[in-house]
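**Q** Got data.tsv for you, TSV, C-alpha atoms:
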```tsv
chain	number	residue	atom	x	y	z
A	56	MET	CA	-17.20	-17.81	5.12
A	57	ALA	CA	-17.70	-16.43	1.62
A	58	VAL	CA	-14.50	-15.70	-0.30
A	59	LYS	CA	-13.36	-12.13	0.36
A	60	HIS	CA	-10.75	-10.37	-1.75
A	61	PHE	CA	-8.60	-7.32	-1.01
A	62	LEU	CA	-8.23	-5.61	-4.38
A	63	GLU	CA	-8.87	-2.04	-3.23
A	64	PHE	CA	-8.66	-0.50	0.22
A	65	ASN	CA	-12.43	-0.05	0.41
A	66	ASN	CA	-13.05	-3.78	-0.10
A	67	LEU	CA	-12.91	-3.92	3.71
A	68	THR	CA	-15.22	-2.06	6.08
A	69	SER	CA	-13.97	0.23	8.84
A	70	SER	CA	-14.94	-2.47	11.36
A	71	GLU	CA	-12.92	-5.10	9.51
A	72	LEU	CA	-9.95	-2.76	9.31
A	73	GLU	CA	-10.15	-2.12	13.06
A	74	THR	CA	-10.06	-5.89	13.59
A	75	ILE	CA	-6.99	-6.20	11.35
A	76	PHE	CA	-5.15	-3.34	13.05
A	77	LYS	CA	-5.79	-4.83	16.50
A	78	LYS	CA	-4.63	-8.25	15.33
A	79	THR	CA	-1.55	-6.69	13.73
A	80	LYS	CA	-0.51	-5.22	17.07
A	81	TRP	CA	-0.89	-8.62	18.73
A	82	ILE	CA	0.91	-10.50	15.94
A	83	LYS	CA	3.78	-8.01	16.00
A	84	SER	CA	4.17	-8.42	19.76
A	85	LYS	CA	4.38	-12.21	19.32
A	86	TYR	CA	7.00	-11.75	16.60
A	87	LYS	CA	9.11	-9.43	18.77
A	88	ALA	CA	8.94	-11.92	21.65
A	89	TYR	CA	10.03	-14.80	19.38
A	90	GLU	CA	6.80	-16.63	20.16
A	91	LYS	CA	5.54	-19.19	17.65
A	92	TYR	CA	2.15	-18.44	16.10
A	93	TRP	CA	1.04	-20.80	13.32
A	94	PRO	CA	-2.66	-20.24	12.52
A	95	LEU	CA	-2.02	-20.93	8.82
A	96	GLU	CA	-0.11	-24.19	9.25
A	97	ASP	CA	-0.19	-26.21	6.01
A	98	ARG	CA	-1.78	-23.31	4.10
A	99	SER	CA	-0.21	-22.05	0.86
A	100	LEU	CA	0.03	-18.57	-0.67
A	101	VAL	CA	0.83	-18.21	-4.36
A	102	MET	CA	2.58	-14.92	-5.17
A	103	ILE	CA	2.32	-13.83	-8.80
A	104	PHE	CA	4.71	-11.08	-9.88
A	105	GLU	CA	4.52	-9.15	-13.13
A	106	LYS	CA	6.20	-6.16	-11.48
A	107	ALA	CA	9.40	-6.74	-9.53
A	108	SER	CA	9.58	-5.94	-5.81
A	109	THR	CA	11.70	-6.21	-2.69
A	110	ARG	CA	9.32	-5.36	0.14
A	111	THR	CA	6.22	-7.02	-1.30
A	112	ARG	CA	7.87	-10.37	-1.93
A	113	LEU	CA	9.85	-10.43	1.29
A	114	SER	CA	6.96	-9.37	3.51
A	115	PHE	CA	4.47	-11.84	2.04
A	116	GLU	CA	6.91	-14.74	1.80
A	117	ALA	CA	8.39	-14.27	5.27
A	118	GLY	CA	4.98	-13.49	6.71
A	119	MET	CA	3.40	-16.67	5.38
A	120	HIS	CA	6.26	-18.76	6.79
A	121	GLN	CA	5.94	-17.02	10.16
A	122	LEU	CA	2.25	-17.99	10.23
A	123	GLY	CA	3.19	-21.62	9.70
A	124	GLY	CA	2.32	-21.77	6.01
A	125	ASN	CA	4.33	-21.61	2.83
A	126	ALA	CA	4.65	-19.18	-0.07
A	127	ILE	CA	5.18	-20.04	-3.73
A	128	TYR	CA	6.75	-17.48	-6.06
A	129	LEU	CA	5.57	-17.25	-9.67
A	130	ASN	CA	6.85	-14.75	-12.20
A	131	THR	CA	4.72	-14.22	-15.29
A	132	ARG	CA	7.85	-14.53	-17.44
A	133	ASP	CA	8.35	-18.06	-16.14
A	134	SER	CA	4.74	-19.27	-16.31
A	135	GLN	CA	2.01	-19.73	-18.88
A	136	LEU	CA	0.55	-16.36	-17.84
A	137	GLY	CA	3.48	-14.81	-19.69
A	138	ARG	CA	2.81	-16.92	-22.74
A	139	GLY	CA	-0.74	-15.83	-23.40
A	140	GLU	CA	-2.81	-18.09	-21.12
A	141	PRO	CA	-6.05	-16.24	-20.31
A	142	VAL	CA	-6.10	-14.74	-16.83
A	143	GLU	CA	-9.45	-16.43	-16.21
A	144	ASP	CA	-8.03	-19.88	-16.97
A	145	ALA	CA	-4.97	-19.31	-14.80
A	146	ALA	CA	-7.19	-18.23	-11.91
A	147	GLN	CA	-9.29	-21.38	-12.17
A	148	VAL	CA	-6.21	-23.60	-12.01
A	149	ILE	CA	-4.06	-21.72	-9.49
A	150	SER	CA	-6.89	-21.19	-7.01
A	151	ARG	CA	-7.54	-24.96	-6.91
A	152	MET	CA	-3.97	-25.58	-5.75
A	153	CYS	CA	-3.54	-23.02	-2.94
A	154	ASP	CA	-5.36	-21.16	-0.19
A	155	ALA	CA	-4.70	-17.54	-1.22
A	156	VAL	CA	-3.17	-15.58	-4.09
A	157	MET	CA	-1.24	-12.31	-4.06
A	158	ILE	CA	-0.76	-10.54	-7.38
A	159	ARG	CA	1.53	-7.61	-8.21
A	160	THR	CA	0.79	-6.45	-11.74
A	161	PHE	CA	-0.03	-3.52	-14.01
A	162	GLU	CA	-3.71	-2.85	-14.80
A	163	GLN	CA	-6.32	-3.26	-12.06
A	164	ASP	CA	-8.49	-5.07	-14.62
A	165	ILE	CA	-6.07	-8.02	-14.57
A	166	ILE	CA	-6.42	-8.64	-10.85
A	167	GLU	CA	-10.19	-8.15	-10.95
A	168	ARG	CA	-10.55	-10.72	-13.74
A	169	PHE	CA	-8.40	-13.13	-11.75
A	170	ALA	CA	-10.45	-12.62	-8.58
A	171	ASN	CA	-13.72	-13.13	-10.45
A	172	ASN	CA	-12.52	-16.62	-11.37
A	173	SER	CA	-10.75	-17.53	-8.12
A	174	ARG	CA	-12.00	-19.94	-5.48
A	175	VAL	CA	-9.69	-18.40	-2.85
A	176	PRO	CA	-8.95	-14.87	-1.56
A	177	VAL	CA	-6.94	-12.63	-3.89
A	178	ILE	CA	-4.79	-9.79	-2.53
A	179	ASN	CA	-3.59	-6.78	-4.50
A	180	GLY	CA	0.17	-6.54	-3.99
A	181	LEU	CA	0.20	-3.46	-6.26
A	182	THR	CA	-1.42	-2.34	-9.50
A	183	ASN	CA	-1.13	0.85	-11.51
A	184	GLU	CA	-4.27	2.11	-9.79
A	185	TYR	CA	-4.01	0.99	-6.15
A	186	HIS	CA	-1.59	-0.18	-3.45
A	187	PRO	CA	-3.86	-1.17	-0.53
A	188	CYS	CA	-1.35	-3.24	1.47
A	189	GLN	CA	1.01	-0.26	1.62
A	190	ILE	CA	-1.66	1.99	3.10
A	191	LEU	CA	-2.61	-0.70	5.62
A	192	ALA	CA	0.98	-0.56	6.83
A	193	ASP	CA	1.11	3.23	6.75
A	194	ILE	CA	-2.04	3.66	8.82
A	195	PHE	CA	-0.98	1.01	11.32
A	196	THR	CA	2.36	2.80	11.67
A	197	PHE	CA	0.59	6.06	12.43
A	198	ILE	CA	-1.64	4.32	15.00
A	199	GLU	CA	1.49	2.91	16.66
A	200	LYS	CA	3.17	6.30	16.78
A	201	ARG	CA	0.32	8.75	17.34
A	202	GLY	CA	-2.95	6.90	17.99
A	203	SER	CA	-6.17	7.08	15.98
A	204	ILE	CA	-5.96	8.56	12.50
A	205	LYS	CA	-9.57	9.76	12.60
A	206	GLY	CA	-9.75	13.51	11.95
A	207	LYS	CA	-6.03	13.79	11.13
A	208	THR	CA	-4.53	15.30	7.98
A	209	VAL	CA	-2.25	13.59	5.49
A	210	ALA	CA	-0.29	15.76	3.04
A	211	TRP	CA	0.43	13.92	-0.20
A	212	ILE	CA	3.17	15.67	-2.19
A	213	GLY	CA	3.97	14.57	-5.74
A	214	ASP	CA	2.38	12.29	-8.31
A	215	SER	CA	-1.27	11.25	-7.92
A	216	ASN	CA	-0.32	7.61	-8.35
A	217	ASN	CA	-1.60	4.30	-6.94
A	218	VAL	CA	-0.44	5.12	-3.40
A	219	CYS	CA	-2.15	8.51	-3.50
A	220	ASN	CA	-5.36	6.93	-4.82
A	221	THR	CA	-5.37	4.47	-1.96
A	222	TRP	CA	-4.81	7.17	0.67
A	223	LEU	CA	-7.92	8.88	-0.72
A	224	GLN	CA	-9.99	5.71	-0.43
A	225	ALA	CA	-8.73	5.19	3.13
A	226	ALA	CA	-9.56	8.76	4.14
A	227	GLU	CA	-13.18	8.35	3.09
A	228	LEU	CA	-13.48	5.03	4.93
A	229	LEU	CA	-11.66	5.98	8.15
A	230	ASP	CA	-12.71	9.65	8.34
A	231	PHE	CA	-9.48	11.58	7.97
A	232	ASN	CA	-8.33	14.20	5.45
A	233	VAL	CA	-5.85	14.19	2.59
A	234	HIS	CA	-4.25	17.33	1.17
A	235	VAL	CA	-2.95	16.59	-2.32
A	236	SER	CA	-0.47	18.74	-4.21
A	237	THR	CA	0.70	17.74	-7.67
A	238	PRO	CA	2.16	19.61	-10.64
A	239	ILE	CA	-0.27	20.66	-13.37
A	240	GLY	CA	-1.12	17.65	-15.49
A	241	TYR	CA	-0.67	15.13	-12.68
A	242	GLU	CA	-3.83	15.87	-10.70
A	243	VAL	CA	-6.07	13.29	-9.02
A	244	LYS	CA	-8.50	11.53	-11.35
A	245	VAL	CA	-11.50	11.29	-9.03
A	246	GLU	CA	-13.37	8.85	-11.27
A	247	ARG	CA	-10.43	6.44	-11.13
A	248	VAL	CA	-10.27	6.55	-7.34
A	249	GLY	CA	-13.98	5.80	-6.99
A	250	LEU	CA	-14.71	8.30	-4.22
A	251	LEU	CA	-18.22	8.97	-2.99
A	252	GLY	CA	-17.50	12.71	-2.69
A	253	ASN	CA	-14.74	15.21	-1.97
A	254	ASP	CA	-15.35	15.78	1.75
A	255	HIS	CA	-12.09	14.12	2.75
A	256	PHE	CA	-9.60	15.56	0.31
A	257	GLU	CA	-8.50	18.93	-1.01
A	258	GLU	CA	-6.11	19.81	-3.81
A	259	PHE	CA	-3.44	22.51	-3.51
A	260	LYS	CA	-1.39	24.11	-6.26
A	261	ASP	CA	1.40	24.97	-3.82
A	262	PRO	CA	2.88	21.98	-1.93
A	263	MET	CA	3.81	24.26	0.95
A	264	ASP	CA	0.13	25.08	1.47
A	265	ALA	CA	-0.79	21.39	1.37
A	266	THR	CA	1.67	20.64	4.17
A	267	LYS	CA	0.43	23.27	6.61
A	268	GLY	CA	-1.03	21.60	9.69
A	269	ALA	CA	-0.46	18.07	8.43
A	270	ASP	CA	0.02	15.13	10.77
A	271	ILE	CA	1.63	12.97	8.07
A	272	VAL	CA	3.72	14.20	5.15
A	273	THR	CA	4.20	11.53	2.54
A	274	THR	CA	5.41	11.13	-1.02
A	275	ASP	CA	6.63	8.58	-3.54
A	276	VAL	CA	9.11	8.40	-6.40
A	277	TRP	CA	8.39	10.80	-9.23
A	278	THR	CA	8.63	8.04	-11.84
A	279	SER	CA	6.77	4.86	-10.98
A	280	MET	CA	7.30	1.52	-12.70
A	281	GLY	CA	5.89	1.63	-16.20
A	282	PHE	CA	6.56	5.36	-16.65
A	283	GLU	CA	10.33	5.24	-17.16
A	284	GLU	CA	10.12	6.91	-20.58
A	285	GLU	CA	8.74	10.03	-18.84
A	286	LYS	CA	11.61	10.29	-16.32
A	287	LYS	CA	13.28	13.40	-17.79
A	288	ASP	CA	9.97	15.26	-18.07
A	289	ARG	CA	8.93	14.25	-14.59
A	290	ILE	CA	12.18	15.40	-12.98
A	291	ARG	CA	11.58	18.80	-14.58
A	292	ASP	CA	7.86	18.95	-13.71
A	293	PHE	CA	8.25	17.82	-10.09
A	294	ALA	CA	11.26	19.98	-9.18
A	295	ASP	CA	9.21	22.13	-6.76
A	296	TRP	CA	7.54	19.11	-5.14
A	297	GLN	CA	10.50	17.85	-3.19
A	298	VAL	CA	9.79	17.21	0.50
A	299	ASN	CA	12.48	19.10	2.40
A	300	LYS	CA	13.12	20.55	5.84
A	301	ASP	CA	11.33	23.83	5.08
A	302	MET	CA	8.23	21.93	4.01
A	303	MET	CA	8.26	19.75	7.12
A	304	LYS	CA	8.43	22.86	9.31
A	305	LEU	CA	4.96	23.83	8.07
A	306	ALA	CA	3.43	20.56	9.25
A	307	ASN	CA	2.37	19.97	12.85
A	308	LYS	CA	5.22	19.85	15.32
A	309	ASP	CA	4.83	16.10	15.87
A	310	ALA	CA	4.17	15.29	12.20
A	311	ILE	CA	5.82	12.20	10.76
A	312	PHE	CA	7.28	11.58	7.31
A	313	MET	CA	6.39	8.48	5.30
A	314	HIS	CA	7.61	6.98	2.03
A	315	CYS	CA	6.67	3.57	0.63
A	316	LEU	CA	10.23	3.04	-0.70
A	317	PRO	CA	12.46	2.72	-2.61
A	318	ALA	CA	13.35	6.39	-2.31
A	319	HIS	CA	15.53	8.66	-4.41
A	320	ARG	CA	17.26	11.08	-2.07
A	321	GLY	CA	17.70	14.43	-3.75
A	322	GLU	CA	14.60	13.97	-5.90
A	323	GLU	CA	11.23	13.53	-4.16
A	324	VAL	CA	12.76	13.89	-0.69
A	325	THR	CA	15.98	15.21	0.81
A	326	ALA	CA	18.28	12.96	2.80
A	327	GLU	CA	17.83	15.34	5.73
A	328	VAL	CA	14.12	14.47	5.90
A	329	ILE	CA	14.04	10.75	5.12
A	330	ASP	CA	16.96	10.08	7.47
A	331	GLY	CA	15.78	12.59	10.06
A	332	ASP	CA	13.99	12.30	13.40
A	333	GLN	CA	10.50	12.71	11.92
A	334	SER	CA	10.92	9.87	9.45
A	335	VAL	CA	9.24	6.51	10.18
A	336	VAL	CA	10.05	4.85	6.86
A	337	TRP	CA	11.84	1.85	8.36
A	338	GLU	CA	9.02	1.06	10.81
A	339	GLU	CA	6.59	1.62	7.95
A	340	ALA	CA	8.46	-0.90	5.79
A	341	GLU	CA	8.59	-3.51	8.58
A	342	ASN	CA	4.90	-3.11	9.25
A	343	ARG	CA	4.12	-4.40	5.76
A	344	LEU	CA	5.12	-7.78	7.22
A	345	HIS	CA	2.82	-7.59	10.23
A	346	VAL	CA	-0.33	-6.09	8.66
A	347	GLN	CA	-0.18	-8.56	5.80
A	348	LYS	CA	0.02	-11.44	8.28
A	349	ALA	CA	-3.11	-10.11	9.98
A	350	LEU	CA	-4.77	-9.62	6.60
A	351	LEU	CA	-3.97	-13.16	5.45
A	352	GLU	CA	-5.30	-14.63	8.66
A	353	TYR	CA	-8.49	-12.58	8.42
A	354	LEU	CA	-9.15	-13.45	4.77
A	355	LEU	CA	-8.55	-17.16	5.38
A	356	LEU	CA	-9.96	-17.68	8.86
A	357	GLY	CA	-12.18	-14.71	9.65
A	358	LYS	CA	-12.13	-13.00	13.03
```
What is this file in structure tokens?

**A**
Amino acid sequence: MAVKHFLEFNNLTSSELETIFKKTKWIKSKYKAYEKYWPLEDRSLVMIFEKASTRTRLSFEAGMHQLGGNAIYLNTRDSQLGRGEPVEDAAQVISRMCDAVMIRTFEQDIIERFANNSRVPVINGLTNEYHPCQILADIFTFIEKRGSIKGKTVAWIGDSNNVCNTWLQAAELLDFNVHVSTPIGYEVKVERVGLLGNDHFEEFKDPMDATKGADIVTTDVWTSMGFEEEKKDRIRDFADWQVNKDMMKLANKDAIFMHCLPAHRGEEVTAEVIDGDQSVVWEEAENRLHVQKALLEYLLLGK
């Protein structure tokens, strides 16, 4: 099978995603039943981190072990990548010593250059532009809770960041809708997302309007990694974009709340919402583990 990477959500087709979601359900059931499943025995995943993480490292490292393989952690500060070695050279070397690579970094260009010189699958663990593994987990969580996401509405409240961009790509691929509400100056950059059109998303000036009739209400921190110098300005600009109980009341009765975590209670979301009955953030976080196991198996072994 030709080498396939997962750098953006739309690197996979809807059929491939359906395969991964079905396999995720099966893998998760095996995990819950304490049943051994080692399709990647003796396989190695190299995890390269330029941006720190809890969920990304834990889910990939634990997931690879649970599939019978092993995971190797590399931080750019502790490797030649942090000392000026060209990304292309590092990719040539690293990909000859492992079976897959996961990278969590800043610019999307870095991971694309790496993938272009890699002999093995490369997975985007997060870049400034996209966070495809997170949206895999989010959509699987919705499928678990409510069934097919086709035709549903996701309300994105807050910054049009990498998670928002990936929701937009997913909506176009899986035929659902995204309502986006951001403060002025933080709107979606359509050219960056790479959409084919605007049939699956709509922008709203008022976050309350964006939430009306939504099946999922989701948000993220107001200040992502790399934007810390803007924190004071962002807290001021995003003050009216906090997801609270009144906002959730405008969504569908059985709507669920999502957040990729870590969360700042009292900023982008109230404690009442994230810790409330409609919140699925803990299931969402756990499902990073299971969808990434299915993804790794698919990229390495196929269907």

**Q** Would you write out, as CSV, a table of all residues in range 114-230 of chain A that have an atom no more than 7 Å from an atom of range 60-71 of chain A, listing for each the closest atom pair and the distance in Å to one decimal, considering all atoms listed in the file and ordering rows by chain and rising residue number?

**A**
```
residue,atom,partner,partner_atom,distance
A:Pro176,CA,A:His60,CA,4.9
A:Val177,CA,A:His60,CA,4.9
A:Ile178,CA,A:Phe61,CA,4.8
A:Asn179,CA,A:Leu62,CA,4.8
A:Tyr185,CA,A:Glu63,CA,6.4
A:Pro187,CA,A:Phe64,CA,4.9
A:Thr221,CA,A:Phe64,CA,6.3
A:Gln224,CA,A:Asn65,CA,6.3
A:Ala225,CA,A:Phe64,CA,6.4
A:Leu228,CA,A:Ser69,CA,6.2
A:Leu229,CA,A:Ser69,CA,6.2
```

**Q** In file coordinates, which residues lie within 10 Å of (3.0, -12.9, 1.0) using only C-alpha atoms, given as a VMD selection string?

**A** chain A and resid 99 to 103 110 to 120 125 to 128 155 to 158 178 180 343 to 344 347 to 348 351

**Q** Kindly indicate which residue among A:Trp211, A:Trp296, A:Phe312, A:Trp337 lies nearest to Glu258 in chain A, using only C-alpha atoms for the distances.

**A**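 When distances to Glu258 in chain A are compared using only C-alpha atoms, the smallest one comes from A:Trp211.
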
**Q** Could you give me, as a list in words, the residues within 12 Å of Asp332 in chain A, counting all atoms listed in the file and dropping anything in the same chain fewer than 5 positions from it?

**A**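 Skipping anything fewer than 5 positions along the chain leaves Lys300, Met303, Lys308, Asp309, Ala310, Ile311, Phe312, Met313, Ala326, Glu327 and Trp337 of chain A.
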
**Q** What lies within 12 Å of Glu352 in chain A using all atoms listed in the file, ignoring chain neighbours under 3 positions off, as a PyMOL selection string?

**A** chain A and resi 59+74-75+78-79+82+92-96+98-100+118-119+121-124+154-155+176+345-349+355-358

**Q** Can you write just those residues out, C-alpha atoms, as a compact mmCIF listing (two decimals), in the frame of the given file?

**A**
```txt
# COMPACT_ATOMS: atom_id res chain seq x y z
CA LYS A 59 -13.36 -12.13 0.36
CA THR A 74 -10.06 -5.89 13.59
CA ILE A 75 -6.99 -6.20 11.35
CA LYS A 78 -4.63 -8.25 15.33
CA THR A 79 -1.55 -6.69 13.73
CA ILE A 82 0.91 -10.50 15.94
CA TYR A 92 2.15 -18.44 16.10
CA TRP A 93 1.04 -20.80 13.32
CA PRO A 94 -2.66 -20.24 12.52
CA LEU A 95 -2.02 -20.93 8.82
CA GLU A 96 -0.11 -24.19 9.25
CA ARG A 98 -1.78 -23.31 4.10
CA SER A 99 -0.21 -22.05 0.86
CA LEU A 100 0.03 -18.57 -0.67
CA GLY A 118 4.98 -13.49 6.71
CA MET A 119 3.40 -16.67 5.38
CA GLN A 121 5.94 -17.02 10.16
CA LEU A 122 2.25 -17.99 10.23
CA GLY A 123 3.19 -21.62 9.70
CA GLY A 124 2.32 -21.77 6.01
CA ASP A 154 -5.36 -21.16 -0.19
CA ALA A 155 -4.70 -17.54 -1.22
CA PRO A 176 -8.95 -14.87 -1.56
CA HIS A 345 2.82 -7.59 10.23
CA VAL A 346 -0.33 -6.09 8.66
CA GLN A 347 -0.18 -8.56 5.80
CA LYS A 348 0.02 -11.44 8.28
CA ALA A 349 -3.11 -10.11 9.98
CA LEU A 355 -8.55 -17.16 5.38
CA LEU A 356 -9.96 -17.68 8.86
CA GLY A 357 -12.18 -14.71 9.65
CA LYS A 358 -12.13 -13.00 13.03
```

**Q** Do you have the CA of Asp264 in chain A-CA of Cys188 in chain A distance handy?

**A**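 Here the two named atoms are 28.4 Å from each other.
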
**Q** Residues around (2.3, 18.2, -0.5), cut-off 7 Å, counting all atoms listed in the file - what are they as an MDAnalysis selection string?

**A** chainID A and resid 210:213 234:236 262:263 265:266

**Q** Have a look at A:Phe282, A:Phe293, A:Trp277, A:Phe76 and name the one nearest to Ala318 in chain A; count only C-alpha atoms.

**A** A:Trp277

**Q** Have a look at CA of Asn253 in chain A and CA of Asn307 in chain A and let me know their distance in Å, one decimal.

**A** 23.1 Å

**Q** Please, could N, CA and C atoms be added to range 158-176 of chain A and the result written as a tab-separated table (two decimals), in the coordinates of the input?

**A**
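Writing the result to selection.tsv gives the following:
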```
chain	number	residue	atom	x	y	z
A	158	ILE	N	-1.17	-10.91	-6.03
A	158	ILE	CA	-0.76	-10.54	-7.38
A	158	ILE	C	-0.22	-9.12	-7.38
A	159	ARG	N	0.93	-8.94	-8.02
A	159	ARG	CA	1.53	-7.61	-8.21
A	159	ARG	C	1.68	-7.43	-9.72
A	160	THR	N	0.87	-6.54	-10.30
A	160	THR	CA	0.79	-6.45	-11.74
A	160	THR	C	0.55	-5.02	-12.19
A	161	PHE	N	0.17	-4.86	-13.44
A	161	PHE	CA	-0.03	-3.52	-14.01
A	161	PHE	C	-1.48	-3.06	-13.86
A	162	GLU	N	-2.34	-3.37	-14.81
A	162	GLU	CA	-3.71	-2.85	-14.80
A	162	GLU	C	-4.56	-3.54	-13.73
A	163	GLN	N	-5.39	-2.74	-13.07
A	163	GLN	CA	-6.32	-3.26	-12.06
A	163	GLN	C	-7.26	-4.30	-12.68
A	164	ASP	N	-7.59	-4.14	-13.94
A	164	ASP	CA	-8.49	-5.07	-14.62
A	164	ASP	C	-7.97	-6.51	-14.55
A	165	ILE	N	-6.66	-6.68	-14.60
A	165	ILE	CA	-6.07	-8.02	-14.57
A	165	ILE	C	-6.39	-8.72	-13.26
A	166	ILE	N	-6.20	-8.03	-12.16
A	166	ILE	CA	-6.42	-8.64	-10.85
A	166	ILE	C	-7.91	-8.86	-10.59
A	167	GLU	N	-8.74	-7.98	-11.12
A	167	GLU	CA	-10.19	-8.15	-10.95
A	167	GLU	C	-10.69	-9.36	-11.74
A	168	ARG	N	-10.18	-9.54	-12.95
A	168	ARG	CA	-10.55	-10.72	-13.74
A	168	ARG	C	-10.10	-11.99	-13.05
A	169	PHE	N	-8.91	-11.96	-12.48
A	169	PHE	CA	-8.40	-13.13	-11.75
A	169	PHE	C	-9.31	-13.44	-10.56
A	170	ALA	N	-9.63	-12.42	-9.78
A	170	ALA	CA	-10.45	-12.62	-8.58
A	170	ALA	C	-11.84	-13.15	-8.93
A	171	ASN	N	-12.39	-12.68	-10.04
A	171	ASN	CA	-13.72	-13.13	-10.45
A	171	ASN	C	-13.76	-14.61	-10.79
A	172	ASN	N	-12.60	-15.21	-11.01
A	172	ASN	CA	-12.52	-16.62	-11.37
A	172	ASN	C	-11.76	-17.44	-10.34
A	173	SER	N	-11.54	-16.86	-9.16
A	173	SER	CA	-10.75	-17.53	-8.12
A	173	SER	C	-11.66	-18.12	-7.04
A	174	ARG	N	-11.28	-19.29	-6.57
A	174	ARG	CA	-12.00	-19.94	-5.48
A	174	ARG	C	-11.44	-19.55	-4.12
A	175	VAL	N	-10.34	-18.78	-4.10
A	175	VAL	CA	-9.69	-18.40	-2.85
A	175	VAL	C	-9.47	-16.88	-2.83
A	176	PRO	N	-9.18	-16.32	-1.66
A	176	PRO	CA	-8.95	-14.87	-1.56
A	176	PRO	C	-7.79	-14.40	-2.43
```
